[in-house]
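This is data-v2.cif (mmCIF, C-alpha atoms).
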```cif
data_work
#
loop_
_atom_site.label_atom_id
_atom_site.label_comp_id
_atom_site.auth_asym_id
_atom_site.auth_seq_id
_atom_site.Cartn_x
_atom_site.Cartn_y
_atom_site.Cartn_z
CA MET A 1 50.79 34.64 27.57
CA GLY A 2 49.07 31.44 28.79
CA GLU A 3 48.44 30.27 32.33
CA GLN A 4 51.53 28.97 34.15
CA SER A 5 52.25 26.38 36.84
CA GLU A 6 54.89 26.62 39.54
CA PHE A 7 56.34 23.29 38.37
CA SER A 8 60.00 23.18 37.48
CA GLU A 9 60.83 20.44 35.07
CA SER A 10 64.18 18.84 34.43
CA GLY A 11 64.49 17.13 31.11
CA GLY A 12 62.86 17.97 27.81
CA SER A 13 64.79 21.11 26.93
CA GLY A 14 67.38 20.36 29.61
CA GLY A 15 66.53 23.42 31.70
CA ALA A 16 63.99 24.36 34.32
CA SER A 17 60.68 25.57 32.95
CA ALA A 18 57.09 26.05 34.03
CA TRP A 19 54.32 24.75 31.77
CA GLN A 20 51.78 27.12 30.27
CA VAL A 21 48.83 26.73 27.94
CA ALA A 22 49.86 27.40 24.35
CA GLU A 23 48.19 30.49 22.93
CA VAL A 24 45.43 29.86 20.41
CA PRO A 25 45.90 32.25 17.46
CA GLY A 26 42.84 34.34 16.73
CA ALA A 27 40.92 33.26 19.85
CA SER A 28 39.05 36.09 21.53
CA GLU A 29 39.63 34.42 24.90
CA GLN A 30 42.64 32.21 25.61
CA PRO A 31 41.90 28.84 27.24
CA SER A 32 43.12 28.00 30.72
CA CYS A 33 44.07 24.68 32.25
CA GLY A 34 42.83 23.79 35.71
CA HIS A 35 45.35 20.96 36.06
CA LEU A 36 48.75 22.68 35.85
CA ASP A 37 49.18 22.39 39.62
CA GLU A 38 49.18 18.56 39.29
CA ALA A 39 52.64 18.58 37.68
CA ARG A 40 55.52 17.31 39.79
CA ALA A 41 59.25 16.98 39.25
CA VAL A 42 59.61 13.55 37.63
CA ALA A 43 62.83 11.90 36.51
CA PRO A 44 63.30 12.00 32.73
CA ALA A 45 62.02 8.90 30.93
CA ASP A 46 64.64 6.16 30.70
CA GLY A 47 64.01 5.65 26.98
CA ARG A 48 63.19 1.94 27.24
CA GLY A 49 59.64 2.34 25.97
CA CYS A 50 55.99 2.10 26.92
CA GLU A 51 55.76 0.24 30.23
CA GLU A 52 52.62 -1.72 29.29
CA CYS A 53 53.70 -2.45 25.69
CA LEU A 54 57.00 -3.85 26.94
CA ARG A 55 55.12 -6.07 29.40
CA ILE A 56 52.65 -7.45 26.80
CA GLY A 57 54.95 -7.49 23.77
CA SER A 58 53.10 -4.77 21.84
CA ARG A 59 54.53 -1.92 19.78
CA TRP A 60 54.23 1.87 20.04
CA VAL A 61 54.66 4.92 17.81
CA HIS A 62 55.68 7.68 20.25
CA LEU A 63 56.07 7.92 24.01
CA ARG A 64 54.44 10.21 26.59
CA GLN A 65 55.44 10.64 30.24
CA CYS A 66 52.99 11.45 33.03
CA LEU A 67 53.98 14.72 34.70
CA VAL A 68 52.56 13.52 38.01
CA CYS A 69 54.15 10.09 38.54
CA GLY A 70 56.58 9.60 35.64
CA HIS A 71 54.67 6.68 34.06
CA VAL A 72 55.72 6.18 30.42
CA GLY A 73 52.97 5.17 28.00
CA CYS A 74 52.42 5.12 24.27
CA CYS A 75 50.71 7.94 22.34
CA ASP A 76 47.24 8.10 20.80
CA SER A 77 48.68 7.04 17.42
CA SER A 78 49.88 3.78 18.98
CA PRO A 79 47.63 0.71 18.90
CA LYS A 80 47.13 0.51 22.69
CA GLN A 81 47.16 4.25 23.65
CA HIS A 82 48.52 3.54 27.14
CA ALA A 83 49.31 7.18 28.02
CA ASP A 84 45.68 8.18 27.43
CA ALA A 85 44.47 5.12 29.37
CA HIS A 86 46.71 6.07 32.31
CA ALA A 87 45.43 9.66 32.33
CA HIS A 88 41.81 8.50 32.40
CA ALA A 89 42.29 5.59 34.82
CA VAL A 90 44.29 7.40 37.51
CA SER A 91 42.62 10.44 39.06
CA GLY A 92 44.76 13.57 39.04
CA HIS A 93 47.16 12.33 36.35
CA ASP A 94 45.90 14.57 33.55
CA LEU A 95 49.24 15.94 32.30
CA ALA A 96 51.80 14.20 30.11
CA ARG A 97 54.81 15.45 28.21
CA SER A 98 56.36 14.09 25.07
CA ALA A 99 59.14 11.65 25.87
CA GLU A 100 60.52 11.91 22.34
CA PRO A 101 64.06 13.29 21.87
CA GLY A 102 64.06 16.96 20.85
CA GLU A 103 60.41 17.57 21.76
CA ASP A 104 59.49 19.91 24.61
CA TRP A 105 55.70 20.05 24.91
CA ALA A 106 52.97 18.55 27.05
CA TRP A 107 49.25 17.81 26.89
CA CYS A 108 46.37 18.07 29.35
CA TYR A 109 44.08 15.11 28.69
CA ALA A 110 41.24 16.51 30.83
CA ASP A 111 41.12 19.95 29.18
CA GLN A 112 42.43 18.80 25.77
CA LEU A 113 45.04 21.58 25.78
CA PHE A 114 48.53 21.82 24.28
CA LEU A 115 51.15 23.00 26.79
CA LEU A 116 54.55 24.58 26.26
CA PRO A 117 57.34 25.55 28.64
CA SER A 118 56.98 29.15 29.77
CA GLY A 119 58.90 31.61 27.65
CA SER A 120 58.20 29.64 24.46
#
```
What is this structure when it is put down as structure tokens?
Amino acid sequence: MGEQSEFSESGGSGGASAWQVAEVPGASEQPSCGHLDEARAVAPADGRGCEECLRIGSRWVHLRQCLVCGHVGCCDSSPKQHADAHAHAVSGHDLARSAEPGEDWAWCYADQLFLLPSGS
């Protein structure tokens, strides 16, 4: 299975889970993420929306939540891509999870890796 962090997350699937790199089918060597230890216990997103888009009156497609500080930003399909901007502007904030209902996955912006809760 993929590399795991010691982070316990509340939200997403509703239970505690540690993030791991999703396995890449057919890869001779599975990738690893050097940023899993950045993840912290953050309160679930409040569902209001992208913090910056709300402030400037813009729109978003999907929401992502920083797994370090809880910042909620819009996804890469959104016009402003605030989640990506946050990950690149703030050192050590490389991990974000989907803040969409029913989705339980995360992304490492630095390593460009898809993450799943352990046991997935």
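Of note, CA of Ala99 in chain A and CA of Pro25 in chain A are spaced 25.9 Å apart.
On the file presented, the PyMOL selection byres ((chain A and resi 82-98) around 6) picks out A:Arg64, A:Gln65, A:Cys66, A:Leu67, A:Val68, A:Gly73, A:Cys74, A:Cys75, A:Lys80, A:Gln81, A:Ala99, A:Glu100, A:Trp105, A:Ala106, A:Trp107, A:Cys108, A:Tyr109, A:Ala110.
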Checklist entry - How far is it from CA of Gly26 in chain A to CA of Leu115 in chain A, in Å with one decimal? => result 17.3 Å
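Rounded to one decimal, CA of Asp76 in chain A and CA of Ala45 in chain A lie 17.9 Å from each other.
Minimum atom-to-atom distance to Pro117 in chain A, evaluated using only C-alpha atoms, belongs to A:Leu36 out of A:Leu36, A:Leu54, A:Ser28, A:Gly49.
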Checklist entry - So which one's closest to Ser32 in chain A, A:His62, A:Pro79, A:Trp19, A:Cys53? Using only C-alpha atoms, please. => result A:Trp19
